[in-house]
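A.B. asks: For reference, this is data.pdb, and it has PDB, C-alpha atoms.
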```
ATOM      1  CA  MET A   2      -9.185  27.630  17.567
ATOM      2  CA  ALA A   3      -8.754  30.500  15.087
ATOM      3  CA  ALA A   4      -4.975  30.368  15.383
ATOM      4  CA  SER A   5      -4.998  26.606  14.839
ATOM      5  CA  ALA A   6      -7.177  26.950  11.751
ATOM      6  CA  SER A   7      -4.907  29.627  10.278
ATOM      7  CA  ILE A   8      -1.969  27.224  10.534
ATOM      8  CA  PHE A   9      -3.870  24.293   9.055
ATOM      9  CA  LEU A  10      -5.447  26.040   6.044
ATOM     10  CA  PRO A  11      -2.152  26.700   4.195
ATOM     11  CA  ASP A  12      -1.384  22.984   4.351
ATOM     12  CA  LEU A  13      -4.769  22.211   2.828
ATOM     13  CA  ARG A  14      -4.168  24.703   0.043
ATOM     14  CA  ARG A  15      -0.763  23.196  -0.683
ATOM     15  CA  THR A  16      -2.280  19.718  -0.762
ATOM     16  CA  PHE A  17      -5.146  20.371  -3.140
ATOM     17  CA  ALA A  18      -3.920  23.286  -5.284
ATOM     18  CA  LEU A  19      -2.271  22.483  -8.605
ATOM     19  CA  HIS A  20       1.492  22.653  -8.510
ATOM     20  CA  PRO A  21       2.665  25.534 -10.746
ATOM     21  CA  SER A  22       5.325  23.319 -12.342
ATOM     22  CA  GLU A  23       3.431  20.032 -12.404
ATOM     23  CA  ARG A  24       4.890  17.264 -14.538
ATOM     24  CA  ARG A  25       3.232  14.156 -15.910
ATOM     25  CA  GLN A  26       4.528  10.823 -17.061
ATOM     26  CA  PRO A  27       2.533   9.523 -20.044
ATOM     27  CA  LEU A  28       1.687   5.832 -19.838
ATOM     28  CA  GLY A  29       1.783   5.539 -23.621
ATOM     29  CA  VAL A  30      -1.870   4.554 -24.164
ATOM     30  CA  ALA A  31      -3.704   7.543 -25.602
ATOM     31  CA  HIS A  32      -7.159   7.119 -24.083
ATOM     32  CA  VAL A  33      -5.719   6.438 -20.615
ATOM     33  CA  ASP A  34      -3.383   9.437 -20.813
ATOM     34  CA  ASP A  35      -6.326  11.585 -21.928
ATOM     35  CA  ALA A  36      -8.252  10.605 -18.801
ATOM     36  CA  LEU A  37      -5.209  11.456 -16.673
ATOM     37  CA  GLY A  38      -4.814  14.892 -18.232
ATOM     38  CA  GLY A  39      -1.710  13.912 -20.190
ATOM     39  CA  GLY A  40      -0.269  11.192 -17.989
ATOM     40  CA  LEU A  41       0.322  10.155 -14.400
ATOM     41  CA  LEU A  42       0.895  13.194 -12.204
ATOM     42  CA  LEU A  43       4.391  13.370 -10.725
ATOM     43  CA  GLY A  44       5.064  15.065  -7.421
ATOM     44  CA  ALA A  45       1.970  13.267  -6.145
ATOM     45  CA  ILE A  46       0.707  10.105  -4.433
ATOM     46  CA  HIS A  47      -1.198   7.366  -6.236
ATOM     47  CA  GLU A  48      -2.969   4.415  -4.595
ATOM     48  CA  LEU A  49      -2.969   0.933  -6.136
ATOM     49  CA  ARG A  50      -5.305  -1.637  -4.609
ATOM     50  CA  ALA A  51      -5.612  -5.328  -5.348
ATOM     51  CA  THR A  52      -9.216  -6.209  -6.157
ATOM     52  CA  GLY A  53      -8.870  -9.523  -4.309
ATOM     53  CA  PRO A  54      -6.238 -11.651  -2.540
ATOM     54  CA  MET A  55      -5.323 -13.434  -5.768
ATOM     55  CA  ASP A  56      -4.674 -10.090  -7.491
ATOM     56  CA  GLN A  57      -1.922  -8.841  -5.200
ATOM     57  CA  GLY A  58       0.856 -10.061  -7.481
ATOM     58  CA  THR A  59      -0.764  -8.226 -10.395
ATOM     59  CA  ALA A  60      -1.016  -5.010  -8.369
ATOM     60  CA  THR A  61       2.652  -5.363  -7.423
ATOM     61  CA  GLY A  62       3.531  -5.817 -11.086
ATOM     62  CA  PHE A  63       1.628  -2.675 -12.040
ATOM     63  CA  ALA A  64       3.476  -0.724  -9.331
ATOM     64  CA  ALA A  65       6.787  -2.033 -10.704
ATOM     65  CA  ALA A  66       5.813  -1.036 -14.246
ATOM     66  CA  LEU A  67       4.919   2.498 -13.144
ATOM     67  CA  ALA A  68       8.196   2.800 -11.240
ATOM     68  CA  ALA A  69      10.129   1.598 -14.294
ATOM     69  CA  ARG A  70       8.265   4.090 -16.457
ATOM     70  CA  VAL A  71       9.395   7.081 -14.382
ATOM     71  CA  ASN A  72      12.924   5.862 -13.677
ATOM     72  CA  GLU A  73      15.568   8.375 -14.733
ATOM     73  CA  ALA A  74      19.320   8.007 -15.092
ATOM     74  CA  GLY A  75      21.102   8.943 -11.885
ATOM     75  CA  LYS A  76      17.970   8.623  -9.739
ATOM     76  CA  GLN A  77      16.883   5.892  -7.353
ATOM     77  CA  LEU A  78      13.754   3.795  -6.892
ATOM     78  CA  LEU A  79      12.875   2.947  -3.297
ATOM     79  CA  TRP A  80      10.655  -0.047  -2.520
ATOM     80  CA  ILE A  81       9.485  -0.282   1.097
ATOM     81  CA  GLN A  82       7.831  -3.357   2.573
ATOM     82  CA  HIS A  83       6.883  -3.963   6.169
ATOM     83  CA  ASP A  84       7.088  -7.363   7.776
ATOM     84  CA  PHE A  85       3.396  -8.292   7.670
ATOM     85  CA  ALA A  86       3.164  -7.411   3.973
ATOM     86  CA  ALA A  87       6.109  -9.726   3.321
ATOM     87  CA  ILE A  88       4.398 -12.515   5.263
ATOM     88  CA  GLU A  89       1.165 -12.081   3.278
ATOM     89  CA  THR A  90       2.631 -11.987  -0.216
ATOM     90  CA  GLY A  91       6.292 -12.911   0.083
ATOM     91  CA  ARG A  92       9.464 -10.942  -0.524
ATOM     92  CA  LEU A  93       9.865  -8.870  -3.642
ATOM     93  CA  HIS A  94      11.622 -10.793  -6.407
ATOM     94  CA  ALA A  95      12.095 -10.802 -10.198
ATOM     95  CA  ILE A  96      11.393  -7.080 -10.320
ATOM     96  CA  GLU A  97      14.047  -6.678 -13.011
ATOM     97  CA  SER A  98      11.673  -8.501 -15.368
ATOM     98  CA  PHE A  99       9.625  -5.284 -15.452
ATOM     99  CA  GLY A 100      12.548  -3.303 -16.817
ATOM    100  CA  ILE A 101      13.936  -1.947 -13.540
ATOM    101  CA  ALA A 102      17.716  -1.867 -13.303
ATOM    102  CA  LEU A 103      18.793  -3.407 -10.009
ATOM    103  CA  SER A 104      21.564  -0.817  -9.754
ATOM    104  CA  SER A 105      18.911   1.888  -9.287
ATOM    105  CA  LEU A 106      16.715  -0.074  -6.860
ATOM    106  CA  LEU A 107      16.816   0.258  -3.074
ATOM    107  CA  LEU A 108      14.861  -2.275  -0.995
ATOM    108  CA  LEU A 109      13.886  -1.370   2.561
ATOM    109  CA  GLN A 110      12.344  -3.789   5.061
ATOM    110  CA  VAL A 111      10.690  -2.254   8.130
ATOM    111  CA  PRO A 112       8.867  -3.847  11.105
ATOM    112  CA  ARG A 113       5.621  -1.812  10.972
ATOM    113  CA  ALA A 114       3.371  -0.119   8.447
ATOM    114  CA  ILE A 115       3.807   3.222  10.206
ATOM    115  CA  ASP A 116       7.566   2.883   9.673
ATOM    116  CA  ALA A 117       6.961   2.321   5.960
ATOM    117  CA  LEU A 118       4.918   5.531   5.769
ATOM    118  CA  TRP A 119       7.634   7.498   7.579
ATOM    119  CA  ALA A 120      10.364   6.142   5.283
ATOM    120  CA  MET A 121       8.265   6.931   2.214
ATOM    121  CA  GLU A 122       7.643  10.491   3.360
ATOM    122  CA  GLU A 123      11.345  11.114   3.979
ATOM    123  CA  ALA A 124      12.340   9.555   0.649
ATOM    124  CA  LEU A 125       9.838  11.608  -1.337
ATOM    125  CA  LYS A 126      11.342  14.825  -0.002
ATOM    126  CA  CYS A 127      14.578  13.920  -1.796
ATOM    127  CA  SER A 128      14.866  15.004  -5.434
ATOM    128  CA  ALA A 129      17.247  12.072  -6.099
ATOM    129  CA  VAL A 130      14.346   9.613  -5.681
ATOM    130  CA  ALA A 131      12.372   9.100  -8.896
ATOM    131  CA  ALA A 132       9.741   6.926  -7.213
ATOM    132  CA  ALA A 133       8.980   5.480  -3.794
ATOM    133  CA  VAL A 134       6.667   2.490  -3.371
ATOM    134  CA  ALA A 135       5.251   1.505   0.027
ATOM    135  CA  ASP A 136       3.761  -1.998   0.247
ATOM    136  CA  ILE A 137       1.086  -1.699   2.952
ATOM    137  CA  ALA A 138      -0.946  -4.586   4.380
ATOM    138  CA  GLU A 139      -2.352  -2.861   7.462
ATOM    139  CA  GLU A 140      -5.875  -1.782   8.374
ATOM    140  CA  ASP A 141      -7.434   1.396   7.022
ATOM    141  CA  SER A 142      -6.711   3.427  10.152
ATOM    142  CA  ILE A 143      -2.970   3.442   9.401
ATOM    143  CA  VAL A 144      -3.254   5.072   5.972
ATOM    144  CA  ASP A 145      -5.775   7.826   6.689
ATOM    145  CA  LEU A 146      -6.352  11.266   5.207
ATOM    146  CA  THR A 147      -3.706  12.865   7.413
ATOM    147  CA  ALA A 148      -1.050  10.314   6.433
ATOM    148  CA  THR A 149      -1.758  10.626   2.709
ATOM    149  CA  ARG A 150      -1.789  14.410   2.949
ATOM    150  CA  ARG A 151       1.686  14.351   4.496
ATOM    151  CA  LEU A 152       2.902  12.036   1.750
ATOM    152  CA  SER A 153       1.372  14.272  -0.923
ATOM    153  CA  LEU A 154       3.152  17.331   0.443
ATOM    154  CA  ALA A 155       6.468  15.447   0.561
ATOM    155  CA  ALA A 156       6.022  14.227  -3.027
ATOM    156  CA  ARG A 157       5.198  17.725  -4.188
ATOM    157  CA  ASP A 158       8.357  19.077  -2.572
ATOM    158  CA  GLY A 159      10.612  16.370  -4.081
ATOM    159  CA  GLY A 160       8.875  16.034  -7.434
ATOM    160  CA  GLY A 161       8.934  12.224  -7.475
ATOM    161  CA  LEU A 162       6.233   9.588  -7.807
ATOM    162  CA  GLY A 163       4.700   8.104  -4.665
ATOM    163  CA  ILE A 164       2.881   4.765  -4.895
ATOM    164  CA  LEU A 165       0.881   3.298  -2.037
ATOM    165  CA  LEU A 166       0.445  -0.393  -2.785
ATOM    166  CA  ARG A 167      -2.559  -1.575  -0.763
ATOM    167  CA  HIS A 168      -3.413  -5.239  -0.180
ATOM    168  CA  ARG A 169      -7.154  -4.699  -0.134
ATOM    169  CA  PRO A 170      -9.713  -2.055  -1.174
ATOM    170  CA  SER A 171     -10.388   0.714   1.335
ATOM    171  CA  PRO A 172     -13.280   3.196   1.659
ATOM    172  CA  MET A 173     -11.125   5.648   3.639
ATOM    173  CA  PRO A 174     -10.743   9.200   2.239
ATOM    174  CA  SER A 175      -7.345   9.938   0.776
ATOM    175  CA  ALA A 176      -5.299  12.836  -0.579
ATOM    176  CA  ALA A 177      -3.988  10.627  -3.411
ATOM    177  CA  ALA A 178      -4.230  12.070  -6.914
ATOM    178  CA  THR A 179      -5.531   8.764  -8.306
ATOM    179  CA  ARG A 180      -6.782   5.465  -6.933
ATOM    180  CA  TRP A 181      -6.668   2.277  -8.990
ATOM    181  CA  ASP A 182      -8.268  -1.129  -8.435
ATOM    182  CA  ILE A 183      -6.232  -3.828 -10.169
ATOM    183  CA  ALA A 184      -7.140  -7.375 -11.106
ATOM    184  CA  ALA A 185      -5.412 -10.191 -12.938
ATOM    185  CA  VAL A 186      -6.439 -10.920 -16.516
ATOM    186  CA  PRO A 187      -5.176 -13.510 -18.992
ATOM    187  CA  GLY A 188      -2.432 -12.061 -21.164
ATOM    188  CA  GLU A 189      -2.058 -12.494 -24.878
ATOM    189  CA  ARG A 190       0.109 -15.372 -26.099
ATOM    190  CA  ASP A 191       3.352 -14.700 -27.878
ATOM    191  CA  ARG A 192       3.838 -15.810 -31.490
ATOM    192  CA  PHE A 193       4.972 -19.239 -30.313
ATOM    193  CA  GLY A 194       1.878 -19.785 -28.160
ATOM    194  CA  GLY A 195       3.756 -19.215 -24.913
ATOM    195  CA  LEU A 196       3.427 -16.584 -22.199
ATOM    196  CA  GLY A 197       3.358 -13.073 -23.584
ATOM    197  CA  ARG A 198       3.244  -9.675 -21.954
ATOM    198  CA  THR A 199       1.893  -9.216 -18.444
ATOM    199  CA  ALA A 200      -1.671  -7.854 -18.604
ATOM    200  CA  PHE A 201      -3.626  -5.757 -16.100
ATOM    201  CA  ALA A 202      -7.354  -5.127 -15.696
ATOM    202  CA  LEU A 203      -7.335  -1.537 -14.424
ATOM    203  CA  SER A 204     -10.166   0.404 -12.841
ATOM    204  CA  LEU A 205      -9.394   4.075 -12.216
ATOM    205  CA  VAL A 206     -11.915   4.781  -9.448
ATOM    206  CA  ARG A 207     -10.563   8.149  -8.292
ATOM    207  CA  ASN A 208      -9.023  10.839 -10.466
ATOM    208  CA  ARG A 209      -8.557  14.406  -9.273
ATOM    209  CA  CYS A 210      -7.555  15.538 -12.763
ATOM    210  CA  GLY A 211     -10.408  14.144 -14.835
ATOM    211  CA  PRO A 212     -12.781  11.249 -15.448
ATOM    212  CA  CYS A 213     -12.454   7.664 -14.324
ATOM    213  CA  GLY A 214     -12.527   4.546 -16.448
ATOM    214  CA  ARG A 215     -11.671   0.880 -16.922
ATOM    215  CA  TRP A 216      -9.129  -0.557 -19.307
ATOM    216  CA  ILE A 217      -7.046  -3.632 -20.018
ATOM    217  CA  MET A 218      -3.385  -2.912 -20.709
ATOM    218  CA  SER A 219      -0.274  -5.013 -21.039
ATOM    219  CA  TRP A 220       3.356  -4.169 -20.230
ATOM    220  CA  ASP A 221       6.289  -4.373 -22.631
ATOM    221  CA  HIS A 222       9.307  -4.568 -20.332
ATOM    222  CA  HIS A 223      11.764  -4.246 -23.221
ATOM    223  CA  GLU A 224      10.361  -0.865 -24.249
ATOM    224  CA  ARG A 225       9.242   0.028 -20.705
ATOM    225  CA  ALA A 226       5.864   0.970 -22.152
ATOM    226  CA  PHE A 227       2.216   0.043 -21.745
ATOM    227  CA  VAL A 228       0.253  -1.324 -24.673
ATOM    228  CA  SER A 229      -3.501  -1.239 -25.144
ATOM    229  CA  SER A 230      -4.537  -4.870 -25.089
ATOM    230  CA  ALA A 231      -6.507  -6.445 -27.910
ATOM    231  CA  LEU A 232      -8.499  -8.129 -25.141
ATOM    232  CA  SER A 233      -9.838  -4.789 -23.926
ATOM    233  CA  ARG A 234     -13.598  -4.353 -24.166
ATOM    234  CA  GLY A 235     -13.243  -0.569 -24.241
ATOM    235  CA  VAL A 236     -15.525  -0.056 -21.253
ATOM    236  CA  ALA A 237     -15.610   2.916 -18.916
ATOM    237  CA  GLN A 238     -17.182   3.720 -15.567
ATOM    238  CA  ALA A 239     -18.184   6.851 -13.728
ATOM    239  CA  ALA A 240     -16.211   8.014 -10.705
ATOM    240  CA  ARG A 241     -17.276   6.476  -7.405
ATOM    241  CA  ASP A 242     -15.757   9.009  -5.010
ATOM    242  CA  ARG A 243     -16.035  12.232  -7.014
ATOM    243  CA  SER A 244     -19.114  14.399  -7.500
ATOM    244  CA  ALA A 245     -21.981  13.405  -9.779
ATOM    245  CA  ARG A 246     -20.726  15.973 -12.262
ATOM    246  CA  ALA A 247     -17.674  13.849 -13.059
ATOM    247  CA  LEU A 248     -17.740  12.436 -16.571
ATOM    248  CA  SER A 249     -16.718   8.951 -17.544
ATOM    249  CA  VAL A 250     -14.536   8.233 -20.539
ATOM    250  CA  ARG A 251     -14.893   5.581 -23.151
ATOM    251  CA  ALA A 252     -11.728   3.745 -24.115
ATOM    252  CA  ALA A 253     -11.229   3.697 -27.850
TER     253      ALA A 253
END
```
Once more with this new file: its structure as structure tokens, please.
C.D. replies:
Amino acid sequence: MAASASIFLPDLRRTFALHPSERRQPLGVAHVDDALGGGLLLGAIHELRATGPMDQGTATGFAAALAARVNEAGKQLLWIQHDFAAIETGRLHAIESFGIALSSLLLLQVPRAIDALWAMEEALKCSAVAAAVADIAEEDSIVDLTATRRLSLAARDGGGLGILLRHRPSPMPSAAATRWDIAAVPGERDRFGGLGRTAFALSLVRNRCGPCGRWIMSWDHHERAFVSSALSRGVAQAARDRSARALSVRAA
């Protein structure tokens, strides 16, 4: 037992210790970046969860926007979807409308959720991958603490962004750096009264680097940047799966 523990403890330290060369990708909205400690942590895993069945498209859009935000010249974006996820929500399409160049996008279809996790882990080890997204529609037991710890270690080694796109909220513990609940919200109209920017109602319910909060943001695909929505109420909430000492932030 002692020998087993001595092997396991270094992995735990690697998972939860701060990376000495950690990098962050600012989202471009000051009060959100402040809550994230300067931006979304790279070399880490982040969970996105649709609040309800009708919000899955919005969660997918937010994942696409994050991937576009971190995309770098000469690097690839990998989007992994297993068969049941495709049956539930359909195949990925129109992703270029979020500012992702199709020349940098790799789409991978796999038969099972466990295959998607394996492919994501292998991709995140590669420094040529800027971001890897795994679209998961399986039960909680598939994406457990062990699986997310493995993904976190792979992301830390490769330095890229890992996004677990979940189809429903989960109470399972996770090694993800952040966990977001995402819901659809009416977007602002353009100056002609037509459809404007895509808007997201975001609830940051887990944040290892700071407080949690709730915001409404929209996405400018031309600039590949988030914009604080005029519809935002500026509300914030305390963390639900951190200690009682965690502070909440108030969106300006």
A.B. asks: Tell me, in Å to one decimal, how far CA of Ala132 in chain A is from CA of Ser98 in chain A.
C.D. replies: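 Going from CA of Ala132 in chain A over to CA of Ser98 in chain A, I get 17.6 Å.
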A.B. asks: Evaluated on this file, the PyMOL selection byres ((chain A and resi 143-146) around 9) picks out some residues - which ones are they, written as a VMD selection string?
C.D. replies: chain A and resid 114 to 115 118 137 139 to 142 147 to 151 173 to 177
A.B. asks: Translate the PyMOL selection byres ((chain A and resi 178) around 9) into a concrete residue list for this structure, as a PyMOL selection string.
C.D. replies: chain A and resi 41-42+45-48+153+175-177+179-180+207-210
A.B. asks: Could you save those same residues with C-alpha atoms as a PDB file, in the frame of the given file?
C.D. replies:
```
ATOM      1  CA  LEU A  41       0.322  10.155 -14.400  1.00  0.00           C
ATOM      2  CA  LEU A  42       0.895  13.194 -12.204  1.00  0.00           C
ATOM      3  CA  ALA A  45       1.970  13.267  -6.145  1.00  0.00           C
ATOM      4  CA  ILE A  46       0.707  10.105  -4.433  1.00  0.00           C
ATOM      5  CA  HIS A  47      -1.198   7.366  -6.236  1.00  0.00           C
ATOM      6  CA  GLU A  48      -2.969   4.415  -4.595  1.00  0.00           C
ATOM      7  CA  SER A 153       1.372  14.272  -0.923  1.00  0.00           C
ATOM      8  CA  SER A 175      -7.345   9.938   0.776  1.00  0.00           C
ATOM      9  CA  ALA A 176      -5.299  12.836  -0.579  1.00  0.00           C
ATOM     10  CA  ALA A 177      -3.988  10.627  -3.411  1.00  0.00           C
ATOM     11  CA  THR A 179      -5.531   8.764  -8.306  1.00  0.00           C
ATOM     12  CA  ARG A 180      -6.782   5.465  -6.933  1.00  0.00           C
ATOM     13  CA  ARG A 207     -10.563   8.149  -8.292  1.00  0.00           C
ATOM     14  CA  ASN A 208      -9.023  10.839 -10.466  1.00  0.00           C
ATOM     15  CA  ARG A 209      -8.557  14.406  -9.273  1.00  0.00           C
ATOM     16  CA  CYS A 210      -7.555  15.538 -12.763  1.00  0.00           C
TER      17      CYS A 210
END
```
A.B. asks: Identify all residues satisfying the PyMOL selection byres ((chain A and resi 26) around 12) in the given file; provide them as JSON, numbers by chain.
C.D. replies: {"A": [23, 24, 25, 27, 28, 29, 30, 33, 34, 35, 37, 38, 39, 40, 41, 42, 43, 44, 45, 67, 68, 69, 70, 71, 72, 73, 131, 132, 160, 161, 162, 226, 227]}
A.B. asks: Could you work out an axis-aligned box for range 118-134 of chain A, taking every atom the file lists and adding 8 Å on each side, and report centre and edge lengths in Å to one decimal, as JSON?
C.D. replies:
```
{"center_x": 11.1, "center_y": 8.7, "center_z": -0.7, "size_x": 28.3, "size_y": 28.5, "size_z": 32.5}
```
A.B. asks: Report as JSON, numbers by chain all protein, DNA and RNA residues lying within 9 Å of Pro112 in chain A, evaluated on all atoms listed in the file, omitting residues in the same chain fewer than 3 positions from it.
C.D. replies: {"A": [82, 83, 84, 85, 115, 116, 117]}
A.B. asks: May I have the protein, DNA and RNA residues with an atom at most 7 Å from (-11.2, 9.2, -18.2), counting only C-alpha atoms in the file's coordinates, returned as a PyMOL selection string?
C.D. replies: chain A and resi 33+35-37+211-214+249-250
A.B. asks: Interatomic distance between CA of Ser204 in chain A and CA of Asp182 in chain A?
C.D. replies: 5.0 Å
A.B. asks: Between CA of Glu123 in chain A and CA of Leu165 in chain A, what is the distance in Å, rounded to a tenth?
C.D. replies: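 Atom-to-atom, CA of Glu123 in chain A to CA of Leu165 in chain A, that is 14.4 Å.
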A.B. asks: In terms of the shortest atom-to-atom distance over all atoms listed in the file, which of A:Pro172, A:Thr52, A:Asp136, A:Arg215 is closest to Ala65 in chain A?
C.D. replies: A:Asp136
A.B. asks: Within 8 Å of Asp56 in chain A, counting only C-alpha atoms, which residues show up once you throw out same-chain ones fewer than 6 positions away? Write them as JSON, numbers by chain, please.
C.D. replies: {"A": [183, 184, 185]}
A.B. asks: Of the candidates A:Val130, A:Leu125, A:Ala102, A:Ala135, which one gets nearest to Ala64 in chain A if we count only C-alpha atoms?
C.D. replies: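 Counting only C-alpha atoms, the residue closest to Ala64 in chain A is A:Ala135.
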A.B. asks: Calculated over all atoms listed in the file, which of the candidates A:Ile101, A:Met218, A:Ala129, A:Ala138 has the smallest distance to Pro54 in chain A?
C.D. replies: A:Ala138
